[in-house]
>>> print(open('upload.txt').read())   # compact mmCIF, C-alpha atoms
# COMPACT_ATOMS: atom_id res chain seq x y z
CA MET A 254 14.08 12.84 -61.61
CA LYS A 255 12.64 9.44 -62.43
CA ARG A 256 15.97 7.88 -61.48
CA ALA A 257 16.11 9.89 -58.27
CA LEU A 258 12.94 8.32 -56.84
CA PRO A 259 14.30 4.78 -56.26
CA PHE A 260 17.43 6.33 -54.82
CA MET A 261 15.44 8.43 -52.37
CA LEU A 262 13.31 5.43 -51.45
CA SER A 263 16.30 3.28 -50.66
CA ALA A 264 17.98 6.16 -48.84
CA SER A 265 14.95 6.58 -46.60
CA LEU A 266 14.71 2.84 -46.07
CA LEU A 267 18.35 2.88 -45.02
CA LEU A 268 17.62 5.76 -42.66
CA VAL A 269 14.65 3.91 -41.18
CA SER A 270 16.71 0.80 -40.60
CA LEU A 271 19.52 2.83 -39.05
CA VAL A 272 17.08 4.49 -36.67
CA ALA A 273 15.56 1.10 -35.84
CA ALA A 274 18.99 -0.35 -35.19
CA GLY A 275 19.81 2.63 -32.97
CA CYS A 276 16.67 1.99 -30.92
CA GLY A 277 17.64 -1.64 -30.57
CA ASP A 278 21.01 -0.66 -29.15
CA ASP A 279 19.33 1.64 -26.64
CA ASP A 280 17.15 -1.17 -25.37
CA GLU A 281 20.16 -3.26 -24.62
CA ALA A 282 22.28 -0.47 -23.21
CA ASP A 283 21.38 -1.41 -19.61
CA GLY A 284 21.83 -5.09 -20.06
CA ASP A 285 25.27 -6.23 -21.01
CA GLY A 286 24.01 -9.70 -20.26
CA GLY A 287 23.23 -9.49 -16.57
CA PRO A 288 20.59 -8.48 -14.02
CA VAL A 289 18.73 -5.20 -14.51
CA ALA A 290 16.40 -3.27 -12.21
CA VAL A 291 13.65 -0.89 -13.27
CA GLU A 292 10.90 1.05 -11.45
CA VAL A 293 13.17 1.66 -8.48
CA TRP A 294 11.34 3.62 -5.78
CA ALA A 295 10.80 4.23 -2.08
CA ARG A 296 7.90 5.75 -0.17
CA PRO A 297 8.49 9.14 1.51
CA THR A 298 9.10 8.69 5.23
CA ALA A 299 7.74 10.50 8.27
CA PRO A 300 10.03 12.82 10.23
CA GLY A 301 12.05 10.74 12.68
CA ALA A 302 11.23 7.43 10.99
CA GLU A 303 13.96 4.85 11.53
CA THR A 304 13.12 2.58 8.63
CA ALA A 305 12.19 2.71 4.95
CA ALA A 306 11.78 0.20 2.14
CA PHE A 307 13.02 0.11 -1.46
CA TYR A 308 11.04 -1.50 -4.24
CA PHE A 309 11.92 -2.39 -7.85
CA GLU A 310 11.46 -4.92 -10.60
CA LEU A 311 14.43 -7.20 -11.26
CA GLY A 312 15.05 -8.60 -14.72
CA ASN A 313 17.86 -10.63 -16.21
CA ASP A 314 19.25 -10.02 -19.69
CA GLY A 315 21.91 -12.67 -19.23
CA SER A 316 21.80 -16.35 -20.11
CA ALA A 317 22.38 -17.66 -16.57
CA PRO A 318 20.46 -17.11 -13.34
CA ASP A 319 21.92 -14.61 -10.88
CA ARG A 320 21.10 -13.94 -7.26
CA LEU A 321 20.71 -10.69 -5.36
CA ILE A 322 22.96 -11.02 -2.31
CA GLY A 323 22.97 -7.54 -0.82
CA ALA A 324 21.92 -3.90 -1.03
CA GLU A 325 23.40 -0.65 0.20
CA SER A 326 22.29 2.95 0.28
CA PRO A 327 23.92 6.04 1.76
CA ALA A 328 20.47 6.76 3.27
CA CYS A 329 20.60 3.66 5.48
CA THR A 330 22.89 2.47 8.25
CA SER A 331 22.17 -1.11 7.21
CA THR A 332 19.79 -3.03 4.99
CA MET A 333 18.16 -6.44 4.82
CA LEU A 334 16.59 -8.32 1.94
CA HIS A 335 13.18 -9.01 3.37
CA ARG A 336 9.75 -10.39 2.69
CA SER A 337 6.52 -9.36 4.39
CA SER A 338 3.92 -12.04 4.67
CA MET A 339 0.44 -12.21 6.08
CA ALA A 340 -1.23 -15.14 7.81
CA ASP A 341 -4.71 -14.69 9.31
CA GLY A 342 -4.33 -10.92 9.14
CA VAL A 343 -1.03 -10.99 11.07
CA MET A 344 1.82 -9.27 9.27
CA SER A 345 5.35 -10.52 9.84
CA MET A 346 8.68 -10.22 8.05
CA GLN A 347 11.28 -12.82 7.23
CA PRO A 348 14.67 -12.71 5.51
CA ALA A 349 14.13 -13.43 1.81
CA THR A 350 15.24 -16.90 0.75
CA ASP A 351 17.96 -17.61 -1.84
CA ASP A 352 15.26 -18.93 -4.16
CA GLU A 353 13.21 -15.76 -3.94
CA LEU A 354 16.26 -13.60 -4.68
CA THR A 355 17.32 -15.53 -7.79
CA VAL A 356 16.32 -14.05 -11.11
CA ALA A 357 16.26 -16.48 -14.03
CA PRO A 358 17.28 -15.47 -17.58
CA ALA A 359 14.43 -13.36 -19.03
CA GLY A 360 12.65 -13.77 -15.68
CA THR A 361 11.39 -11.08 -13.33
CA VAL A 362 11.32 -10.78 -9.57
CA MET A 363 9.06 -8.11 -8.12
CA PHE A 364 10.04 -6.19 -4.99
CA GLU A 365 6.78 -4.53 -3.99
CA PRO A 366 4.86 -3.31 -0.93
CA GLY A 367 3.59 -6.20 1.16
CA GLY A 368 6.10 -8.58 -0.41
CA LEU A 369 9.84 -8.60 -1.13
CA HIS A 370 11.63 -5.36 -0.25
CA VAL A 371 15.01 -3.96 0.69
CA MET A 372 14.50 -2.94 4.29
CA CYS A 373 16.48 0.15 5.19
CA MET A 374 17.35 0.33 8.89
CA GLY A 375 18.84 3.26 10.74
CA LEU A 376 17.48 5.72 8.17
CA LEU A 377 19.80 8.73 8.33
CA ASP A 378 17.50 11.37 6.85
CA PRO A 379 13.80 11.30 5.94
CA LEU A 380 13.10 10.31 2.32
CA VAL A 381 11.47 13.34 0.75
CA GLU A 382 8.92 13.09 -2.06
CA GLY A 383 10.35 14.18 -5.41
CA GLU A 384 13.96 13.47 -4.44
CA SER A 385 15.98 10.42 -5.39
CA VAL A 386 18.27 8.18 -3.34
CA PRO A 387 21.18 6.04 -4.56
CA LEU A 388 20.73 2.29 -4.16
CA VAL A 389 23.41 -0.29 -4.95
CA LEU A 390 22.30 -3.86 -5.53
CA THR A 391 24.94 -6.57 -5.41
CA PHE A 392 24.55 -9.83 -7.33
CA GLU A 393 26.41 -13.07 -6.80
CA THR A 394 27.81 -13.19 -10.36
CA ALA A 395 27.31 -9.79 -11.96
CA GLY A 396 28.56 -7.74 -9.01
CA SER A 397 27.13 -4.31 -8.25
CA LEU A 398 24.38 -2.39 -10.00
CA THR A 399 24.13 1.29 -9.05
CA LEU A 400 20.60 2.67 -9.21
CA SER A 401 18.66 5.74 -8.25
CA ALA A 402 15.41 5.27 -6.32
CA ASP A 403 12.64 7.82 -6.88
CA VAL A 404 11.00 8.88 -3.66
CA GLU A 405 7.28 8.93 -4.34
CA ASP A 406 3.98 8.02 -2.74
CA ARG A 407 2.49 5.21 -4.83
CA MET B 1421 -49.02 -6.71 -42.28
CA ALA B 1422 -45.82 -4.90 -41.36
CA THR B 1423 -47.80 -2.08 -39.76
CA ARG B 1424 -49.77 -4.53 -37.67
CA ILE B 1425 -46.63 -6.16 -36.35
CA LEU B 1426 -45.19 -2.75 -35.56
CA ARG B 1427 -48.40 -1.78 -33.79
CA THR B 1428 -48.03 -4.74 -31.44
CA LEU B 1429 -44.25 -4.78 -31.25
CA VAL B 1430 -43.58 -1.14 -30.43
CA PRO B 1431 -45.81 -0.95 -27.32
CA MET B 1432 -44.41 -4.28 -26.20
CA LEU B 1433 -40.82 -3.02 -26.52
CA VAL B 1434 -41.73 0.21 -24.75
CA ALA B 1435 -43.30 -1.77 -21.91
CA VAL B 1436 -40.25 -4.04 -21.61
CA ALA B 1437 -37.89 -1.05 -21.62
CA ALA B 1438 -39.95 0.77 -19.00
CA GLY B 1439 -40.04 -2.39 -16.87
CA ALA B 1440 -36.29 -2.77 -17.14
CA LEU B 1441 -35.78 0.86 -16.14
CA VAL B 1442 -38.01 0.49 -13.08
CA LEU B 1443 -36.16 -2.70 -12.14
CA VAL B 1444 -32.76 -1.01 -12.41
CA LEU B 1445 -33.94 1.91 -10.27
CA VAL B 1446 -35.46 -0.38 -7.63
CA VAL B 1447 -32.41 -2.64 -7.48
CA ARG B 1448 -30.15 0.37 -7.15
CA GLU B 1449 -32.28 1.65 -4.30
CA VAL B 1450 -32.54 -1.54 -2.27
CA ALA B 1451 -29.41 -3.48 -3.25
CA PRO B 1452 -27.14 -3.73 -0.20
CA HIS B 1453 -23.68 -2.17 -0.42
CA SER B 1454 -21.14 -4.69 -1.58
CA TRP B 1455 -18.41 -4.42 1.07
CA SER B 1456 -14.76 -4.74 0.06
CA GLY B 1457 -13.91 -5.45 3.69
CA THR B 1458 -15.50 -8.16 5.80
CA ALA B 1459 -18.70 -6.77 7.31
CA PHE B 1460 -20.08 -7.92 10.67
CA ALA B 1461 -23.53 -9.48 10.35
CA THR B 1462 -24.71 -8.16 13.72
CA ALA B 1463 -24.07 -4.87 15.52
CA THR B 1464 -21.05 -5.33 17.79
CA PRO B 1465 -20.22 -2.40 20.11
CA ALA B 1466 -16.58 -1.36 19.57
CA PRO B 1467 -14.48 -1.99 22.70
CA PRO B 1468 -13.30 1.17 24.52
CA PHE B 1469 -9.71 2.49 24.44
CA THR B 1470 -9.35 1.99 28.21
CA GLY B 1471 -6.08 3.38 29.56
CA LEU B 1472 -4.70 4.63 26.21
CA THR B 1473 -3.42 8.18 25.72
CA ASP B 1474 -3.68 10.15 22.49
CA ASP B 1475 -0.58 11.74 20.98
CA ALA B 1476 -1.53 15.11 22.46
CA GLY B 1477 -1.28 13.53 25.91
CA ASN B 1478 -5.03 13.31 26.63
CA PRO B 1479 -6.89 10.15 27.68
CA ALA B 1480 -8.24 8.41 24.58
CA ASP B 1481 -12.03 8.40 24.50
CA LEU B 1482 -13.71 6.36 21.79
CA ALA B 1483 -17.21 7.21 23.05
CA ALA B 1484 -16.50 10.91 22.41
CA GLN B 1485 -16.14 10.04 18.70
CA GLU B 1486 -19.70 8.76 18.43
CA GLY B 1487 -21.29 10.39 15.41
CA LYS B 1488 -18.06 9.97 13.46
CA VAL B 1489 -16.84 6.96 11.54
CA VAL B 1490 -13.72 5.63 13.29
CA VAL B 1491 -10.97 3.54 11.71
CA VAL B 1492 -8.66 1.74 14.15
CA TYR B 1493 -5.28 0.34 13.16
CA PHE B 1494 -2.65 -1.36 15.31
CA GLY B 1495 0.86 -0.66 14.00
CA TYR B 1496 4.22 0.91 14.84
CA THR B 1497 6.40 3.66 13.44
CA SER B 1498 9.48 1.47 12.76
CA CYS B 1499 7.42 -0.76 10.45
CA PRO B 1500 9.10 -0.30 7.05
CA ASP B 1501 6.80 -1.91 4.53
CA VAL B 1502 3.19 -2.71 5.34
CA CYS B 1503 2.16 0.00 7.86
CA PRO B 1504 3.17 2.85 5.50
CA LEU B 1505 1.36 1.10 2.64
CA THR B 1506 -1.88 0.72 4.61
CA LEU B 1507 -1.74 4.21 6.14
CA SER B 1508 -0.90 5.81 2.81
CA ARG B 1509 -3.88 4.15 1.14
CA ALA B 1510 -6.17 5.02 4.04
CA ALA B 1511 -5.02 8.64 3.76
CA ARG B 1512 -5.78 8.61 0.03
CA ALA B 1513 -9.24 7.09 0.58
CA ILE B 1514 -10.14 9.63 3.27
CA ASP B 1515 -8.74 12.50 1.22
CA ALA B 1516 -10.94 11.43 -1.70
CA LEU B 1517 -14.01 11.86 0.53
CA GLY B 1518 -13.44 15.62 0.49
CA ASP B 1519 -15.14 17.46 3.37
CA ARG B 1520 -16.85 14.24 4.45
CA GLY B 1521 -13.38 12.95 5.33
CA ASP B 1522 -13.56 15.23 8.41
CA ASP B 1523 -16.18 12.80 9.75
CA VAL B 1524 -13.70 9.91 9.63
CA GLN B 1525 -11.23 9.60 12.50
CA LEU B 1526 -8.30 7.24 12.05
CA TYR B 1527 -6.40 6.06 15.13
CA MET B 1528 -3.21 4.03 15.12
CA VAL B 1529 -2.59 2.21 18.40
CA SER B 1530 1.15 1.59 18.79
CA VAL B 1531 2.13 -2.04 19.35
CA ASP B 1532 5.68 -0.86 20.08
CA PRO B 1533 5.40 1.17 23.31
CA ALA B 1534 9.16 0.91 23.96
CA ARG B 1535 10.10 2.95 20.87
CA ASP B 1536 6.95 4.89 19.99
CA THR B 1537 6.78 7.95 22.18
CA LEU B 1538 3.59 10.03 21.86
CA ASP B 1539 5.57 12.75 20.03
CA ARG B 1540 6.95 10.27 17.58
CA LEU B 1541 3.52 8.72 17.02
CA GLY B 1542 2.01 12.13 16.33
CA GLU B 1543 4.73 13.12 13.87
CA TYR B 1544 4.49 9.78 12.11
CA LEU B 1545 0.71 9.84 11.70
CA ARG B 1546 0.50 13.49 10.60
CA HIS B 1547 2.94 12.63 7.82
CA PHE B 1548 0.12 10.60 6.25
CA ASP B 1549 -2.82 12.87 7.14
CA ASP B 1550 -2.93 15.75 9.60
CA ARG B 1551 -6.20 14.36 11.01
CA PHE B 1552 -4.73 10.96 11.95
CA VAL B 1553 -4.11 10.45 15.68
CA GLY B 1554 -1.76 8.06 17.47
CA LEU B 1555 -2.65 6.23 20.67
CA GLY B 1556 -0.11 4.89 23.13
CA GLY B 1557 0.01 3.12 26.44
CA ASP B 1558 2.15 0.70 28.38
CA VAL B 1559 2.48 -2.76 26.88
CA ASP B 1560 -0.13 -4.38 29.16
CA THR B 1561 -2.71 -1.68 28.43
CA VAL B 1562 -2.11 -1.96 24.70
CA ALA B 1563 -2.28 -5.75 24.96
CA ASP B 1564 -5.68 -5.52 26.70
CA VAL B 1565 -7.16 -3.16 24.10
CA ALA B 1566 -5.64 -5.20 21.26
CA ALA B 1567 -7.12 -8.41 22.67
CA SER B 1568 -10.56 -6.79 22.95
CA TYR B 1569 -10.34 -6.07 19.20
CA GLY B 1570 -9.07 -9.57 18.43
CA VAL B 1571 -5.70 -8.10 17.51
CA PHE B 1572 -2.47 -10.02 18.10
CA PHE B 1573 1.02 -8.56 18.39
CA GLU B 1574 4.39 -9.95 19.40
CA VAL B 1575 7.72 -8.15 19.73
CA GLN B 1576 10.41 -10.13 17.87
CA PRO B 1577 13.96 -10.77 19.15
CA PRO B 1578 16.40 -7.96 18.24
CA ASP B 1579 19.08 -8.38 15.55
CA ASP B 1580 22.82 -7.61 16.01
CA THR B 1581 22.16 -3.88 15.83
CA GLY B 1582 19.40 -4.02 18.45
CA PHE B 1583 16.68 -3.43 15.87
CA TYR B 1584 13.54 -5.49 16.30
CA GLU B 1585 10.29 -5.96 14.45
CA VAL B 1586 6.81 -6.43 15.83
CA ASP B 1587 4.53 -9.01 14.26
CA HIS B 1588 1.00 -7.67 14.41
CA THR B 1589 -2.51 -8.03 13.09
CA ALA B 1590 -2.49 -5.37 10.41
CA THR B 1591 -6.15 -5.17 9.47
CA LEU B 1592 -8.05 -1.88 9.55
CA LEU B 1593 -11.16 -1.92 11.75
CA GLY B 1594 -14.13 0.25 10.78
CA ILE B 1595 -16.55 1.57 13.42
CA ASP B 1596 -19.86 3.15 12.32
CA ARG B 1597 -21.32 6.43 13.55
CA ASP B 1598 -23.17 4.58 16.33
CA GLY B 1599 -19.99 3.12 17.80
CA ASN B 1600 -20.47 -0.38 16.38
CA LEU B 1601 -17.61 -2.39 14.94
CA LYS B 1602 -18.87 -2.81 11.41
CA VAL B 1603 -16.16 -3.92 8.99
CA ILE B 1604 -12.59 -5.27 8.84
CA TRP B 1605 -10.28 -4.47 5.93
CA ASP B 1606 -7.18 -6.38 4.84
CA PRO B 1607 -3.89 -4.42 5.17
CA ASP B 1608 -3.51 -4.31 1.38
CA ILE B 1609 -6.96 -2.84 0.66
CA GLU B 1610 -6.72 -0.35 -2.24
CA ALA B 1611 -7.78 3.27 -1.70
CA ASP B 1612 -10.83 3.14 -4.02
CA PRO B 1613 -12.71 0.22 -2.43
CA LEU B 1614 -11.83 1.56 1.03
CA GLN B 1615 -13.28 4.94 0.06
CA SER B 1616 -16.45 3.25 -1.16
CA ASP B 1617 -16.85 1.32 2.12
CA LEU B 1618 -16.20 4.48 4.14
CA GLU B 1619 -18.89 6.28 2.14
CA GLU B 1620 -21.31 3.50 3.08
CA LEU B 1621 -20.34 3.84 6.75
CA LEU B 1622 -20.84 7.61 6.56
CA GLY B 1623 -24.31 6.95 5.12
>>> encode(input="upload.txt", output="structure tokens")
Amino acid sequence: MKRALPFMLSASLLLVSLVAAGCGDDDEADGDGGPVAVEVWARPTAPGAETAAFYFELGNDGSAPDRLIGAESPACTSTMLHRSSMADGVMSMQPATDDELTVAPAGTVMFEPGGLHVMCMGLLDPLVEGESVPLVLTFETAGSLTLSADVEDR
Amino acid sequence: MATRILRTLVPMLVAVAAGALVLVLVVREVAPHSWSGTAFATATPAPPFTGLTDDAGNPADLAAQEGKVVVVYFGYTSCPDVCPLTLSRAARAIDALGDRGDDVQLYMVSVDPARDTLDRLGEYLRHFDDRFVGLGGDVDTVADVAASYGVFFEVQPPDDTGFYEVDHTATLLGIDRDGNLKVIWDPDIEADPLQSDLEELLG
């Protein structure tokens, strides 16, 4: 019994470290060294609306910068990588610049309401709260990243 | 010795505490509301909606809304990012007012008469709140009303697919129960501060 105690201790330590290692692997499962996107969402749209916008947070688990060059969704006829900006209360939109779309290693780029967004034009069906919509982001180096956007009112 | 100090100290502390309490109550009573929007210093009558039609097809009549708080927004239904953000937050703020929200009337004037039919405006606005109402008119009429509110809009050149955007002043304009333009909110105002300002307007 006395000899069993150290054994059990080391066995449980081993177990703990295995579990910890397992968690570590999970964290990196999305990032095989390239861009990642989390918090992917879109606002529900009104019946008959022709446009929508996708939002997300871009990260980069790789060691080199990468640039978002395009987006596609079966919900949209076409998309544009856009930025909204306000000057003296006037809202306008411009194509996002290469700089804005580049995510540095360990950096983040936020696509959020009133700022950068994927503009969806020719919306084929209304986006319904609670559903999700596929969104494919294409990067200059890493290629395509297939995501699912949650439709919710934030 | 200790008792004597206590005898002086305790009434003093009580007096200070009572004074502080009175001060807090007075300040709370007379302190002006701290607006999250930009409030007008003087009463400015809100310009009328001359020539505009509501989404039910009736002539728009701002004067008929006197007694209600009115929020006016200039936007368009093909606006993908900012208009839905602003309208969604406005809907949340008004919803949070409970029954008092029935005394707030939000109007969106379309700055895109070519695409926004009255039906489409109605459908779009009711998606956010079934009390919201759309107002439409021909481009000159809308331009006149917009100018009277200090609102700018400009239709942008279409892209290859024919889609175009409309740059526009995207502030929310708050009119008090007496029909005076009272406060202007930025398009990215959060629901909570907007609700608080609306409560002040409701009185």
>>> residues_near_point(input="upload.txt", point="(17.0, -14.7, -19.9)", cutoff="10 Å", atoms="only C-alpha atoms", output="list in words")
Gly286, Gly287, Pro288, Gly312, Asn313, Asp314, Gly315, Ser316, Ala317, Pro318, Val356, Ala357, Pro358, Ala359, Gly360 and Thr361 of chain A
>>> write_last_selection(input="upload.txt", atoms="C-alpha atoms", output="compact mmCIF listing (two decimals), in the frame of the given file")
# COMPACT_ATOMS: atom_id res chain seq x y z
CA GLY A 286 24.01 -9.70 -20.26
CA GLY A 287 23.23 -9.49 -16.57
CA PRO A 288 20.59 -8.48 -14.02
CA GLY A 312 15.05 -8.60 -14.72
CA ASN A 313 17.86 -10.63 -16.21
CA ASP A 314 19.25 -10.02 -19.69
CA GLY A 315 21.91 -12.67 -19.23
CA SER A 316 21.80 -16.35 -20.11
CA ALA A 317 22.38 -17.66 -16.57
CA PRO A 318 20.46 -17.11 -13.34
CA VAL A 356 16.32 -14.05 -11.11
CA ALA A 357 16.26 -16.48 -14.03
CA PRO A 358 17.28 -15.47 -17.58
CA ALA A 359 14.43 -13.36 -19.03
CA GLY A 360 12.65 -13.77 -15.68
CA THR A 361 11.39 -11.08 -13.33
>>> interface_residues(input="upload.txt", of="chain A", to="chain B", cutoff="7 Å", atoms="only C-alpha atoms", output="PyMOL selection string")
chain A and resi 299-300+302-306+342-345+366-367+372
>>> residues_around(input="upload.txt", residues="Pro1533 (chain B)", least_positions_apart="4", cutoff="9 Å", atoms="all atoms listed in the file", output="list of chain:residue names")
B:Tyr1496, B:Thr1537, B:Gly1556, B:Gly1557, B:Asp1558, B:Val1559, B:Val1562
>>> closest_residue(input="upload.txt", among="A:Asp351, A:Ala328, A:Ile322, A:Asp403", to="Asp378 (chain A)", atoms="only C-alpha atoms")
A:Ala328
>>> atom_distance(input="upload.txt", atom1="CA of Asp1523 (chain B)", atom2="CA of Val1490 (chain B)")
8.4 Å
>>> atom_distance(input="upload.txt", atom1="CA of Glu310 (chain A)", atom2="CA of Ser331 (chain A)")
21.1 Å
>>> atom_distance(input="upload.txt", atom1="CA of Met333 (chain A)", atom2="CA of Gln347 (chain A)")
9.7 Å
>>> build_atoms(input="upload.txt", residues="region 301-327 of chain A", atoms="N, CA and C atoms", output="CSV table (one decimal), in the coordinates of the input")
chain,number,residue,atom,x,y,z
A,301,GLY,N,11.6,11.6,11.6
A,301,GLY,CA,12.0,10.7,12.7
A,301,GLY,C,11.9,9.3,12.4
A,302,ALA,N,11.4,8.9,11.3
A,302,ALA,CA,11.2,7.4,11.0
A,302,ALA,C,12.6,6.8,10.9
A,303,GLU,N,12.7,5.6,11.5
A,303,GLU,CA,14.0,4.8,11.5
A,303,GLU,C,14.1,3.9,10.4
A,304,THR,N,13.0,3.6,9.7
A,304,THR,CA,13.1,2.6,8.6
A,304,THR,C,12.5,3.1,7.3
A,305,ALA,N,12.8,2.4,6.2
A,305,ALA,CA,12.2,2.7,5.0
A,305,ALA,C,12.3,1.4,4.2
A,306,ALA,N,11.7,1.4,3.0
A,306,ALA,CA,11.8,0.2,2.1
A,306,ALA,C,12.0,0.6,0.7
A,307,PHE,N,12.8,-0.1,0.0
A,307,PHE,CA,13.0,0.1,-1.5
A,307,PHE,C,12.3,-1.0,-2.3
A,308,TYR,N,11.7,-0.6,-3.4
A,308,TYR,CA,11.0,-1.5,-4.2
A,308,TYR,C,11.5,-1.4,-5.7
A,309,PHE,N,11.5,-2.4,-6.5
A,309,PHE,CA,11.9,-2.4,-7.8
A,309,PHE,C,11.5,-3.7,-8.5
A,310,GLU,N,11.7,-3.7,-9.8
A,310,GLU,CA,11.5,-4.9,-10.6
A,310,GLU,C,12.8,-5.4,-11.2
A,311,LEU,N,13.2,-6.6,-10.8
A,311,LEU,CA,14.4,-7.2,-11.3
A,311,LEU,C,14.2,-8.0,-12.5
A,312,GLY,N,15.1,-7.8,-13.5
A,312,GLY,CA,15.0,-8.6,-14.7
A,312,GLY,C,16.4,-9.2,-14.9
A,313,ASN,N,16.6,-10.0,-15.9
A,313,ASN,CA,17.9,-10.6,-16.2
A,313,ASN,C,18.0,-10.8,-17.7
A,314,ASP,N,19.0,-10.0,-18.3
A,314,ASP,CA,19.2,-10.0,-19.7
A,314,ASP,C,20.3,-11.0,-20.0
A,315,GLY,N,20.8,-11.7,-19.0
A,315,GLY,CA,21.9,-12.7,-19.2
A,315,GLY,C,21.4,-14.0,-19.6
A,316,SER,N,22.3,-15.0,-19.7
A,316,SER,CA,21.8,-16.4,-20.1
A,316,SER,C,21.9,-17.3,-18.9
A,317,ALA,N,22.3,-16.8,-17.8
A,317,ALA,CA,22.4,-17.7,-16.6
A,317,ALA,C,21.6,-17.0,-15.4
A,318,PRO,N,21.1,-17.7,-14.5
A,318,PRO,CA,20.5,-17.1,-13.3
A,318,PRO,C,21.5,-16.3,-12.5
A,319,ASP,N,21.0,-15.3,-11.8
A,319,ASP,CA,21.9,-14.6,-10.9
A,319,ASP,C,21.1,-14.3,-9.6
A,320,ARG,N,21.8,-14.1,-8.5
A,320,ARG,CA,21.1,-13.9,-7.3
A,320,ARG,C,21.5,-12.6,-6.6
A,321,LEU,N,20.5,-11.9,-6.1
A,321,LEU,CA,20.7,-10.7,-5.4
A,321,LEU,C,21.2,-11.1,-4.0
A,322,ILE,N,22.4,-10.6,-3.6
A,322,ILE,CA,23.0,-11.0,-2.3
A,322,ILE,C,23.1,-9.9,-1.3
A,323,GLY,N,22.9,-8.6,-1.8
A,323,GLY,CA,23.0,-7.5,-0.8
A,323,GLY,C,22.5,-6.2,-1.4
A,324,ALA,N,22.3,-5.2,-0.6
A,324,ALA,CA,21.9,-3.9,-1.0
A,324,ALA,C,22.5,-2.9,-0.1
A,325,GLU,N,22.8,-1.7,-0.6
A,325,GLU,CA,23.4,-0.6,0.2
A,325,GLU,C,22.8,0.7,-0.3
A,326,SER,N,22.7,1.6,0.7
A,326,SER,CA,22.3,3.0,0.3
A,326,SER,C,22.9,3.9,1.3
A,327,PRO,N,23.4,5.1,0.8
A,327,PRO,CA,23.9,6.0,1.8
A,327,PRO,C,22.8,6.6,2.7
